[in-house]
Structure formats: structure tokens, C-alpha cells
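K.L.:
Take a look at the following structure, please.
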Amino acid sequence: MFRQVASRILTRPTTTYSAAAAIRRPFSTEVADTTSGDEAFVEAWKKVVPNIDPPKTPSQFMHPRPPTPSTLPTKLTVNFVLPYASELSQKEVDMVIVPATTGQMGILPGHVPTIAELKPGLLSVHEGNDIKKYFISSGFAFIHPNSYADILAVEAVPLDRVDPAQVQKGLNEFTQKLSSATTDSEKAEAQIGVDVHSALNFALTG
Amino acid sequence: MASTAAVPFWRSAGMTYISYSNICANLVRNCLKEPYKSEAINREKVHFSVSKWVDGKPEKPTIRSDSPEE
């Protein structure tokens with residue numbers, strides 16, 4: 001059993017992300033220099049058009065995946081994106097607390113790779129002594145082995161943009177809808193309303 | 001071997017994740033303070049027309065629009 005684990009550790013840096021170039025050189029942790037382009041394409045090109053340089057292929061425009069460092073990094077790199085904007089891009093922070101469906105999850109550098117579904121709740125980004133808080137409607141958090149965290153949310157608003165009166169009104173309205181709901185889908189919608197508004201309330205008062 | 005994962009309440013009520021997520025997002029947008037609320041609502045406006053084609057001819061299109069028809 002331990003021999004299997006050891007051999008898996010040796011090949012781990014390259015098999016996590018299947019960049020074709022990395023697989024061909026199994027013991028390198030850096031992705032191979034791709035400025036020469038995908039080899040098969042370049043060879044075929046040269047046979048047909050030897051005088052012109054081969055055009056760049058899409059993979060050459062992509063930044064190679066940042067490698068998994070061998071020692072624990074000191075900072076977590078966060079990419080926090082929304083469908084219409086990129087809130088934080090490659091920001092180095094000390095810790096992020098995300099509202100996962102299983103509870104508030106703190107992400108530190110070196111966190112175990114995880115995919116977490118997020119529920120409506122507070123996201124806080126801790127950098128030194130500043131804490132930035134956002135209320136997220138729902139989304140996912142992907143934590144990669146190289147201490148990169150990708151947080152995707154559909155809506156994320158800083159708490160000072162939320163109107164407490166609307167939240168209270170919404171909460172009352174949905175609690176009432178929940179008690180008077182008849183069909184399953186009405187109940188589900190009312191329950192979602194109650195969940196979101198109570199999470200908003202909690203975030204505003206907590 | 002039965003799956004032990006508890007199904008979320010919205011899924012057992014027949015809702016998909018994407019509808020759930022969109023409903024949550026709409027609720028949050030409705031709770032915003034004024035200038036941000038209208039920006040958010042404007043940003044999410046949708047306008048499209050879909051028509052099915054049968055025997056090489058388009059049928060009557062279904063139009064989904066958040067802007068008033070002129």
C-alpha cells in the first residue's frame with residue numbers, strides 16, 4: 001500500500017493537470033516551453049509551408065498552470081469572480097472564509113484541494129488586518145493544491161449596499177408565503193426566500 | 001448500495017440548481033439600496049426570441065423581453 005502511495009506522489013505534480021507537454025516529461029514540475037507550439041501541428045505545418053512560421057495555437061496564449069510548490073506557501077492566491085466582473089484577480093491574502101453549504105469554511109494557504117458549493121452567506125477576505133466582507137447569493141469555491149482558490153458567485157455585494165428594511169420586509173413576506181404554501185414548488189420557493197433573507201439579516205446584524 | 005447524500009429541498013421539489021441559484025441572486029438584488037439596485041436590475045435584463053423550425057419553416061417565435069415592446 002505504501003509503495004503505491006510513494007509512486008503516486010512522485011508522479012503527482014504532472015498528472016493533476018493534463019497539459020500534454022507536462023505528461024511527456026513526467027518528472028518536471030514546470031510546464032514545458034510552448035513557444036514552439038504543439039509539436040505535431042508544427043511538424044505538419046512545416047511539411048506543407050516550410051517558409052512561413054507556424055501560427056500560434058490557442059494553448060500558447062494560455063498561461064501555464066502555476067505549479068504546486070514543494071513548501072507551504074505563505075499566502076493564498078484568490079480569484080473571486082462574478083458573471084459580470086472580476087472582483088479579485090490573483091490577490092494574495094492570508095485567509096478567506098466562505099459560506100459553504102456545510103458551514104463557514106476557512107481557507108488558509110496549503111488547504112486540501114476542495115470543491116465546495118456555497119450557500120447564501122458572508123464571504124470574508126482577510127489580508128493582514130483588513131477584512132473585506134461580501135454577501136454572496138450562491139456559487140462554488142474551488143481550492144487547488146497550489147494554494148489558489150477560485151471563488152465563483154452569481155451575485156456578491158458588499159454589506160453596505162444592502163437595504164435592511166427590504167431584507168426585513170422580504171423575510172416577513174416569505175415566512176408568510178411559507179406557511180400558506182400548498183404545492184411543493186411553492187414551498188421550495190418560499191423556503192429559498194426565507195433562507196436568503198435570514199442569511200442577509202444575519203450578515204447585517206452579526 | 002443506496003446513495004446516502006441528502007437531496008437538497010429544492011431538488012426534491014423538482015427545481016434545478018441553476019433555477020435555485022438564479023432565484024437566490026434575484027432575491028439578493030431586490031434587497032439592494034437604490035442606485036445599486038437599478039444598476040443590477042438593468043444589468044440582468046434579457047431580450048431574446050426563439051423559434052422552432054419544422055419542415056424547413058420557422059414556427060411562431062417565443063419572445064422573452066424585459067424591455068417594453070415598442
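Ordering of the C-alpha cells sets the chain letters (A, B, ...); residue numbers start at 1 within each chain; ligands are numbered from 1 in the order shown.
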Wanna dump the chain A-chain B contacts at 12 Å for me, each residue with its shortest atom pair and the distance in Å to one decimal, counting only C-alpha atoms, ordered by chain and number, as JSON lines?
P.N.:
{"residue": "A:Leu82", "atom": "CA", "partner": "B:Ala25", "partner_atom": "CA", "distance": 11.4}
{"residue": "A:Pro83", "atom": "CA", "partner": "B:Glu44", "partner_atom": "CA", "distance": 10.5}
{"residue": "A:Tyr84", "atom": "CA", "partner": "B:Arg43", "partner_atom": "CA", "distance": 8.6}
{"residue": "A:Ala85", "atom": "CA", "partner": "B:Arg43", "partner_atom": "CA", "distance": 11.4}
{"residue": "A:Thr101", "atom": "CA", "partner": "B:Pro8", "partner_atom": "CA", "distance": 10.2}
{"residue": "A:Glu117", "atom": "CA", "partner": "B:Tyr17", "partner_atom": "CA", "distance": 10.7}
{"residue": "A:Leu118", "atom": "CA", "partner": "B:Ser21", "partner_atom": "CA", "distance": 10.1}
{"residue": "A:Lys119", "atom": "CA", "partner": "B:Ser21", "partner_atom": "CA", "distance": 9.2}
{"residue": "A:Pro120", "atom": "CA", "partner": "B:Cys24", "partner_atom": "CA", "distance": 7.4}
{"residue": "A:Gly121", "atom": "CA", "partner": "B:Val28", "partner_atom": "CA", "distance": 10.6}
{"residue": "A:Tyr134", "atom": "CA", "partner": "B:Val28", "partner_atom": "CA", "distance": 11.8}
{"residue": "A:Phe135", "atom": "CA", "partner": "B:Val28", "partner_atom": "CA", "distance": 8.7}
{"residue": "A:Ile136", "atom": "CA", "partner": "B:Val28", "partner_atom": "CA", "distance": 8.4}
{"residue": "A:Ser137", "atom": "CA", "partner": "B:Ala25", "partner_atom": "CA", "distance": 5.2}
{"residue": "A:Ser138", "atom": "CA", "partner": "B:Ser21", "partner_atom": "CA", "distance": 6.0}
{"residue": "A:Gly139", "atom": "CA", "partner": "B:Ser21", "partner_atom": "CA", "distance": 7.6}
{"residue": "A:Phe140", "atom": "CA", "partner": "B:Ser21", "partner_atom": "CA", "distance": 10.8}
{"residue": "A:Leu152", "atom": "CA", "partner": "B:Ser21", "partner_atom": "CA", "distance": 12.0}
{"residue": "A:Ala153", "atom": "CA", "partner": "B:Ala25", "partner_atom": "CA", "distance": 9.3}
{"residue": "A:Val154", "atom": "CA", "partner": "B:Ala25", "partner_atom": "CA", "distance": 6.4}
{"residue": "A:Glu155", "atom": "CA", "partner": "B:Ala25", "partner_atom": "CA", "distance": 5.7}
{"residue": "A:Ala156", "atom": "CA", "partner": "B:Val28", "partner_atom": "CA", "distance": 8.7}
{"residue": "A:Val157", "atom": "CA", "partner": "B:Leu32", "partner_atom": "CA", "distance": 8.4}
{"residue": "A:Pro158", "atom": "CA", "partner": "B:Leu32", "partner_atom": "CA", "distance": 10.0}
{"residue": "A:Leu159", "atom": "CA", "partner": "B:Leu32", "partner_atom": "CA", "distance": 9.3}
{"residue": "A:Asp160", "atom": "CA", "partner": "B:Lys33", "partner_atom": "CA", "distance": 8.6}
{"residue": "A:Arg161", "atom": "CA", "partner": "B:Lys33", "partner_atom": "CA", "distance": 5.5}
{"residue": "A:Val162", "atom": "CA", "partner": "B:Leu32", "partner_atom": "CA", "distance": 4.5}
{"residue": "A:Asp163", "atom": "CA", "partner": "B:Lys33", "partner_atom": "CA", "distance": 5.1}
{"residue": "A:Pro164", "atom": "CA", "partner": "B:Cys31", "partner_atom": "CA", "distance": 7.7}
{"residue": "A:Ala165", "atom": "CA", "partner": "B:Cys31", "partner_atom": "CA", "distance": 8.4}
{"residue": "A:Gln166", "atom": "CA", "partner": "B:Cys31", "partner_atom": "CA", "distance": 5.4}
{"residue": "A:Val167", "atom": "CA", "partner": "B:Cys31", "partner_atom": "CA", "distance": 5.8}
{"residue": "A:Gln168", "atom": "CA", "partner": "B:Cys31", "partner_atom": "CA", "distance": 9.4}
{"residue": "A:Lys169", "atom": "CA", "partner": "B:Cys31", "partner_atom": "CA", "distance": 9.4}
{"residue": "A:Gly170", "atom": "CA", "partner": "B:Cys31", "partner_atom": "CA", "distance": 8.0}
{"residue": "A:Leu171", "atom": "CA", "partner": "B:Leu27", "partner_atom": "CA", "distance": 10.5}
{"residue": "A:Phe174", "atom": "CA", "partner": "B:Leu27", "partner_atom": "CA", "distance": 10.8}
{"residue": "A:Thr183", "atom": "CA", "partner": "B:Ala13", "partner_atom": "CA", "distance": 9.0}
{"residue": "A:Asp184", "atom": "CA", "partner": "B:Ala13", "partner_atom": "CA", "distance": 5.4}
{"residue": "A:Ser185", "atom": "CA", "partner": "B:Ala13", "partner_atom": "CA", "distance": 5.5}
{"residue": "A:Glu186", "atom": "CA", "partner": "B:Ala13", "partner_atom": "CA", "distance": 8.9}
{"residue": "A:Lys187", "atom": "CA", "partner": "B:Ala13", "partner_atom": "CA", "distance": 8.3}
{"residue": "A:Ala188", "atom": "CA", "partner": "B:Trp10", "partner_atom": "CA", "distance": 5.4}
{"residue": "A:Glu189", "atom": "CA", "partner": "B:Trp10", "partner_atom": "CA", "distance": 7.8}
{"residue": "A:Ala190", "atom": "CA", "partner": "B:Trp10", "partner_atom": "CA", "distance": 10.3}
{"residue": "A:Gln191", "atom": "CA", "partner": "B:Trp10", "partner_atom": "CA", "distance": 8.6}
{"residue": "A:Ile192", "atom": "CA", "partner": "B:Cys24", "partner_atom": "CA", "distance": 7.1}
{"residue": "A:Gly193", "atom": "CA", "partner": "B:Leu27", "partner_atom": "CA", "distance": 7.1}
{"residue": "A:Val194", "atom": "CA", "partner": "B:Leu27", "partner_atom": "CA", "distance": 10.1}
{"residue": "A:Asp195", "atom": "CA", "partner": "B:Cys24", "partner_atom": "CA", "distance": 9.0}
{"residue": "A:Val196", "atom": "CA", "partner": "B:Cys24", "partner_atom": "CA", "distance": 6.5}
{"residue": "A:His197", "atom": "CA", "partner": "B:Leu27", "partner_atom": "CA", "distance": 8.0}
{"residue": "A:Ser198", "atom": "CA", "partner": "B:Val28", "partner_atom": "CA", "distance": 11.3}
{"residue": "A:Ala199", "atom": "CA", "partner": "B:Val28", "partner_atom": "CA", "distance": 10.2}
{"residue": "A:Leu200", "atom": "CA", "partner": "B:Val28", "partner_atom": "CA", "distance": 8.2}
{"residue": "A:Asn201", "atom": "CA", "partner": "B:Cys31", "partner_atom": "CA", "distance": 10.6}
{"residue": "A:Leu204", "atom": "CA", "partner": "B:Cys31", "partner_atom": "CA", "distance": 11.8}
K.L.:
Using DSSP assignments from the backbone, pull out every residue in region 22-188 of chain A that falls under strand (DSSP E or B) and give it to me as a ChimeraX atom specification.
P.N.:
/A:76-81,86-93,95-100,103-107,114-118,121-127,130-136,139-143,148-153,156-158,162
K.L.:
Between CA of Ser124 (chain A) and CA of Leu72 (chain A), what is the distance in Å, rounded to a tenth?
P.N.:
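Taking CA of Ser124 (chain A) as the start and CA of Leu72 (chain A) as the end point, the length is 22.1 Å.
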K.L.:
Just the number, please: distance in Å from CA of His144 (chain A) to CA of Phe61 (chain A), one decimal.
P.N.:
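Going from CA of His144 (chain A) over to CA of Phe61 (chain A), I get 21.7 Å.
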K.L.:
Mind giving me the straight-line distance from CA of Ser59 (chain A) to CA of Ser147 (chain A) in Å, one decimal?
P.N.:
23.1 Å
K.L.:
I'd like the contact shell of Lys45 (chain B) - 12 Å cut-off, only C-alpha atoms, skipping same-chain residues fewer than 4 positions apart - returned as a list in words.
P.N.:
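The contact residues come out as Asn26, Ser38, Glu39, Ala40, Ile41, Arg64, Ser65, Asp66, Ser67 and Pro68 of chain B.
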K.L.:
Could you dump the residues just selected with all heavy atoms as a PDB file, in the first residue's frame?
P.N.:
ATOM      1  N   ASN B  26     -31.690  36.793  -7.638  1.00  0.00           N
ATOM      2  CA  ASN B  26     -32.735  37.807  -7.797  1.00  0.00           C
ATOM      3  C   ASN B  26     -33.178  38.358  -6.459  1.00  0.00           C
ATOM      4  O   ASN B  26     -33.398  39.561  -6.326  1.00  0.00           O
ATOM      5  CB  ASN B  26     -33.945  37.224  -8.528  1.00  0.00           C
ATOM      6  CG  ASN B  26     -33.723  37.228 -10.018  1.00  0.00           C
ATOM      7  OD1 ASN B  26     -33.216  38.205 -10.562  1.00  0.00           O
ATOM      8  ND2 ASN B  26     -34.075  36.152 -10.676  1.00  0.00           N
ATOM      9  N   SER B  38     -30.957  49.518  -9.137  1.00  0.00           N
ATOM     10  CA  SER B  38     -31.353  49.687 -10.543  1.00  0.00           C
ATOM     11  C   SER B  38     -30.236  49.286 -11.490  1.00  0.00           C
ATOM     12  O   SER B  38     -30.501  48.747 -12.561  1.00  0.00           O
ATOM     13  CB  SER B  38     -31.847  51.098 -10.852  1.00  0.00           C
ATOM     14  OG  SER B  38     -31.434  51.993  -9.882  1.00  0.00           O
ATOM     15  N   GLU B  39     -28.967  49.478 -11.065  1.00  0.00           N
ATOM     16  CA  GLU B  39     -27.869  49.026 -11.928  1.00  0.00           C
ATOM     17  C   GLU B  39     -27.933  47.528 -12.084  1.00  0.00           C
ATOM     18  O   GLU B  39     -27.802  46.997 -13.184  1.00  0.00           O
ATOM     19  CB  GLU B  39     -26.509  49.308 -11.274  1.00  0.00           C
ATOM     20  CG  GLU B  39     -25.971  50.670 -11.464  1.00  0.00           C
ATOM     21  CD  GLU B  39     -24.740  50.891 -10.565  1.00  0.00           C
ATOM     22  OE1 GLU B  39     -24.073  49.894 -10.186  1.00  0.00           O
ATOM     23  OE2 GLU B  39     -24.507  52.055 -10.233  1.00  0.00           O
ATOM     24  N   ALA B  40     -28.153  46.837 -10.955  1.00  0.00           N
ATOM     25  CA  ALA B  40     -28.160  45.379 -11.017  1.00  0.00           C
ATOM     26  C   ALA B  40     -29.306  44.883 -11.883  1.00  0.00           C
ATOM     27  O   ALA B  40     -29.140  43.975 -12.707  1.00  0.00           O
ATOM     28  CB  ALA B  40     -28.261  44.794  -9.611  1.00  0.00           C
ATOM     29  N   ILE B  41     -30.473  45.506 -11.711  1.00  0.00           N
ATOM     30  CA  ILE B  41     -31.625  45.045 -12.484  1.00  0.00           C
ATOM     31  C   ILE B  41     -31.421  45.321 -13.970  1.00  0.00           C
ATOM     32  O   ILE B  41     -31.723  44.485 -14.819  1.00  0.00           O
ATOM     33  CB  ILE B  41     -32.905  45.668 -11.932  1.00  0.00           C
ATOM     34  CG1 ILE B  41     -33.110  45.108 -10.527  1.00  0.00           C
ATOM     35  CG2 ILE B  41     -34.097  45.361 -12.814  1.00  0.00           C
ATOM     36  CD1 ILE B  41     -34.395  45.459  -9.894  1.00  0.00           C
ATOM     37  N   ARG B  64     -38.862  36.613 -25.291  1.00  0.00           N
ATOM     38  CA  ARG B  64     -38.718  36.892 -23.867  1.00  0.00           C
ATOM     39  C   ARG B  64     -38.046  38.250 -23.795  1.00  0.00           C
ATOM     40  O   ARG B  64     -36.944  38.434 -24.289  1.00  0.00           O
ATOM     41  CB  ARG B  64     -37.887  35.800 -23.224  1.00  0.00           C
ATOM     42  CG  ARG B  64     -37.215  36.173 -21.952  1.00  0.00           C
ATOM     43  CD  ARG B  64     -38.145  36.110 -20.744  1.00  0.00           C
ATOM     44  NE  ARG B  64     -37.526  36.783 -19.615  1.00  0.00           N
ATOM     45  CZ  ARG B  64     -36.672  36.225 -18.763  1.00  0.00           C
ATOM     46  NH1 ARG B  64     -36.322  34.969 -18.933  1.00  0.00           N
ATOM     47  NH2 ARG B  64     -36.173  36.919 -17.774  1.00  0.00           N
ATOM     48  N   SER B  65     -38.708  39.187 -23.193  1.00  0.00           N
ATOM     49  CA  SER B  65     -38.106  40.508 -23.157  1.00  0.00           C
ATOM     50  C   SER B  65     -38.452  41.233 -21.884  1.00  0.00           C
ATOM     51  O   SER B  65     -39.573  41.156 -21.413  1.00  0.00           O
ATOM     52  CB  SER B  65     -38.612  41.315 -24.339  1.00  0.00           C
ATOM     53  OG  SER B  65     -38.110  42.612 -24.247  1.00  0.00           O
ATOM     54  N   ASP B  66     -37.471  41.905 -21.285  1.00  0.00           N
ATOM     55  CA  ASP B  66     -37.728  42.693 -20.090  1.00  0.00           C
ATOM     56  C   ASP B  66     -37.934  44.153 -20.449  1.00  0.00           C
ATOM     57  O   ASP B  66     -38.194  44.976 -19.593  1.00  0.00           O
ATOM     58  CB  ASP B  66     -36.547  42.582 -19.121  1.00  0.00           C
ATOM     59  CG  ASP B  66     -36.537  41.215 -18.469  1.00  0.00           C
ATOM     60  OD1 ASP B  66     -37.604  40.598 -18.360  1.00  0.00           O
ATOM     61  OD2 ASP B  66     -35.444  40.773 -18.076  1.00  0.00           O
ATOM     62  N   SER B  67     -37.785  44.505 -21.717  1.00  0.00           N
ATOM     63  CA  SER B  67     -37.971  45.906 -22.099  1.00  0.00           C
ATOM     64  C   SER B  67     -39.325  46.015 -22.747  1.00  0.00           C
ATOM     65  O   SER B  67     -39.769  45.063 -23.420  1.00  0.00           O
ATOM     66  CB  SER B  67     -36.871  46.343 -23.064  1.00  0.00           C
ATOM     67  OG  SER B  67     -36.909  45.524 -24.201  1.00  0.00           O
ATOM     68  N   PRO B  68     -40.040  47.111 -22.562  1.00  0.00           N
ATOM     69  CA  PRO B  68     -41.402  47.191 -23.127  1.00  0.00           C
ATOM     70  C   PRO B  68     -41.348  47.150 -24.650  1.00  0.00           C
ATOM     71  O   PRO B  68     -40.460  47.739 -25.255  1.00  0.00           O
ATOM     72  CB  PRO B  68     -41.925  48.546 -22.628  1.00  0.00           C
ATOM     73  CG  PRO B  68     -40.722  49.307 -22.205  1.00  0.00           C
ATOM     74  CD  PRO B  68     -39.651  48.339 -21.864  1.00  0.00           C
TER      75      PRO B  68
END
K.L.:
DSSP on the backbone: which residues in chain A end up as helix (DSSP H, G or I)? Give the answer as a VMD selection string.
P.N.:
chain A and resid 2 to 15 20 to 24 39 to 48 58 to 61 159 to 161 164 to 180 184 to 205
K.L.:
Choose the residue, out of A:Glu43, A:Leu123, A:Asn129, A:Ala149, that has the smallest atom-to-atom separation from Gly110 (chain A); count only C-alpha atoms.
P.N.:
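Closest candidate: A:Ala149.
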